[in-house]
Amino acid sequence: MKTDIQIAQEAELYTIDKVAENFGIDPDELELYGKYKAKLSDKLYRDALKSGKKGKLVLVTAINPTPAGEGKTTTTIGLAQGLNRLGKKTMVALREPSLGPCMGIKGGAAGGGYAQVVPMEDINLHFTGDIHAMTAANNLLSAMLDNHLQQGNELGIDPKTITWKRALDMNDRALRNIVVGLGAKTDGVVREDSFQITVASEIMAIMCLAEDITDLKKRLSEIIVGYSYSGKPVTAGDLKAEGAMTALLKDALKPNLVQTLEHTPAIIHCGPFANIAHGCNSVKATKLAMGLSDIAITEAGFGADLGAEKFFDIKCRFAGLKPDCVVLVATVRSLKYNGGVPKTELNTPNVSAVKKGFVNLEKHIENLHKYGVPVVVTLNAFTADTEEETAFVKSACEKMGADFAISEVWAKGGEGGIELGKKVIEVLETKKSSFKPLYDTDLSIAEKIEIIAKEIYGADGVDFEPKAKKDIARIESIGKGNVPVCIAKTQYSLSDNAALLGRPKGFRINIRTVTISAGAGFVVAIAGSIMTMPGLPKRPAAEGIDVNENGEITGLF
């Protein structure tokens with residue numbers, strides 16, 4: 001079997017102007033980045049909104065990820081290809097991959113097999129430079145903040161209250177806790193600092209939610225970097241940083257257009273993690289896809305308890321989106337893993353383990369139904385799956401009121417997405433979405449966290465550490481508490497303990513800290529042992545990546 005990168009490199013790509021033209025997009029609305037990538041113009045976005053056209057919106061999410069892999073992005077891409085084969089004008093809107101996972105353990109985020117977006121190497125590495133621009137804007141603010149301290153500190157910033165972190169789009173645990181300003185007197189004020197991965201930064205969140213350049217600049221100006229000695233919030237606007245930050249982000253704000261292996265247009269823009277950020281591509285990308293197609297397929301991050309919850313409660317709330325259908329991805333292998341089967345034995349038929357592990361899928365179906373959106377469960381097919389295993393999952397899903405379809409997009413591309421595509425069309429035509437967010441933002445921060453923990457994770461309650469209680473009190477005292485909540489939590493479990501698989505019972509969620517992302521418009525609560533700067537594994541994927549004498553990249557996946 002060919003590797004993903006081999007399939008991608010052997011594919012016959014259309015030039016991006018042809019992809020656009022075939023989909024009714026005027027080539028004049030493209031800003032080319034070579035032959036196969038382009039930025040989409042602001043005019044195209046404005047015209048799409050003015051037209052009033054709104055295609056159906058389908059969200060793809062998944063159960064909690066396992067070492068067996070679920071194939072959420074692969075399914076998203078393959079479903080779009082399948083729907084186009086069925087005569088439905090369909091566009092896909094995806095997140096941009098982060099270099100951290102590409103070089104770490106997870107790999108890229110361009111799909112797999114015959115359901116990929118291409119050029120795969122470009123998309124997984126530097127792409128059009130969006131994330132680099134976000135890193136630069138983030139660190140410009142850090143530099144201006146530290147320079148302000150050095151040059152007399154007119155705003156009276158208390159260095160011990162600084163909440164703004166530097167950023168790098170790489171897994172580098174050594175940067176989690178650092179000291180800056182060491183050396184000579186002219187080298188800055190000595191203080192503790194830290195890095196987070198760029199895709200978990202507030203800059204990324206703001207880019208995802210900004211509607212236009214004016215909204216972007218306003219949001220950037222509202223970023224809270226710390227507090228004065230008198231307790232007053234200090235913002236990027238106070239530091240006069242928002243103009244230069246906007247200049248760095250001007251081009252990055254425009255969505256990117258590429259194609260799938262079957263030349264379906266794919267808008268890829270922004271890429272926050274779902275476990276430590278809000279896990280959705282940009283509002284602009286999703287609205288543009290809806291304005292240009294009959295059906296827009298978009299994705300949320302892994303684990304519907306994280307990705308889908310944040311898509312519904314943060315992105316949809318801010319953008320006024322009302323999804324028409326949710327596709328929930330699982331595999332027989334992942335259900336076996338949740339049922340206690342070790343990774344080495346997942347290809348062995350085991351119906352009892354599938355039944356035992358189904359509780360994880362069951363909880364995600366229940367959660368999605370709470371938002372009033374029709375659910376289609378799809379099993380990403382593997383050759384080792386048995387008819388009995390598949391039949392059980394189908395029957396159990398349908399008993400819960402969820403529709404069901406098999407996906408074979410990894411092996412067959414769009415052809416393998418036709419069964420799923422037909423089921424999605426059927427649901428869109430026969431079932432009405434009555435979407436509603438889970439909670440009211442006027443509730444206290446603690447109440448909103450408790451609702452998510454109890455309703456979505458299945459926890460008995462929430463324990464707030466002393467620092468978290470102080471954080472909440474400060475945020476609410478400055479009038480910033482009436483906003484959605486973004487919980488940073490392990491993706492591997494419904495709980496905040498990665499080792500608790502299936503559907504844990506009798507647990508509580510532990511909240512360590514709570515911060516305000518005032519520019520983005522939400523608060524971030526850190527649960528359990530989750531880190532906002534990941535580390536590399538013992539054998540990072542980077543060890544297997546290389547370039548041959550012809551300049552061809554190998555080892556990406």
# chains A, B, ... in the order shown; residues from 1 in each chain; ligands from 1

$ select_by_dssp --residues "region 192-307 of chain A" --states "alpha helix (DSSP H)" --output "JSON, numbers by chain"
{"A": [202, 203, 204, 205, 206, 207, 208, 209, 213, 214, 215, 216, 217, 218, 219, 220, 221, 242, 243, 244, 245, 246, 247, 248, 249, 283, 284, 285, 286, 287, 288, 289, 290, 291, 292, 307]}

$ closest_atom_pairs --of "region 442-542 of chain A" --to "region 46-67 of chain A" --cutoff "7 Å" --atoms "only C-alpha atoms" --output "JSON lines"
{"residue": "A:Gln491", "atom": "CA", "partner": "A:Asn64", "partner_atom": "CA", "distance": 6.1}
{"residue": "A:Tyr492", "atom": "CA", "partner": "A:Asn64", "partner_atom": "CA", "distance": 5.4}
{"residue": "A:Ser493", "atom": "CA", "partner": "A:Asn64", "partner_atom": "CA", "distance": 6.2}

$ residues_around --residues "His132 (chain A)" --least-positions-apart "3" --cutoff "9 Å" --atoms "only C-alpha atoms" --output "list in words"
His126, Thr128, Gly129, Thr135, Ala136, Ala137, Leu168, Asp169 and Thr198 of chain A

$ write_last_selection --atoms "C-alpha atoms" --output "CSV table (one decimal), in the first residue's frame"
chain,number,residue,atom,x,y,z
A,126,HIS,CA,4.9,26.4,5.8
A,128,THR,CA,1.1,30.4,2.9
A,129,GLY,CA,2.9,31.5,6.0
A,135,THR,CA,3.8,33.9,15.7
A,136,ALA,CA,5.4,37.2,14.6
A,137,ALA,CA,2.4,39.3,15.7
A,168,LEU,CA,6.3,29.2,18.8
A,169,ASP,CA,4.6,26.8,16.4
A,198,THR,CA,1.1,29.3,18.4

$ closest_residue --among "A:Gly528, A:Pro323, A:Gly535, A:Gly357" --to "Ser433 (chain A)" --atoms "only C-alpha atoms"
A:Pro323

$ residues_around --residues "Lys2 (chain A)" --least-positions-apart "2" --cutoff "12 Å" --atoms "only C-alpha atoms" --output "list in words"
Asp4, Ile5, Gln6, Ile7, Ala8, Gln9, Glu10, Gly112, Gly113, Tyr114, Trp410, Ala411 and Phe557 of chain A

$ closest_residue --among "A:Asp546, A:Glu419, A:Asp146, A:Asp313" --to "Cys486 (chain A)" --atoms "only C-alpha atoms"
A:Asp313
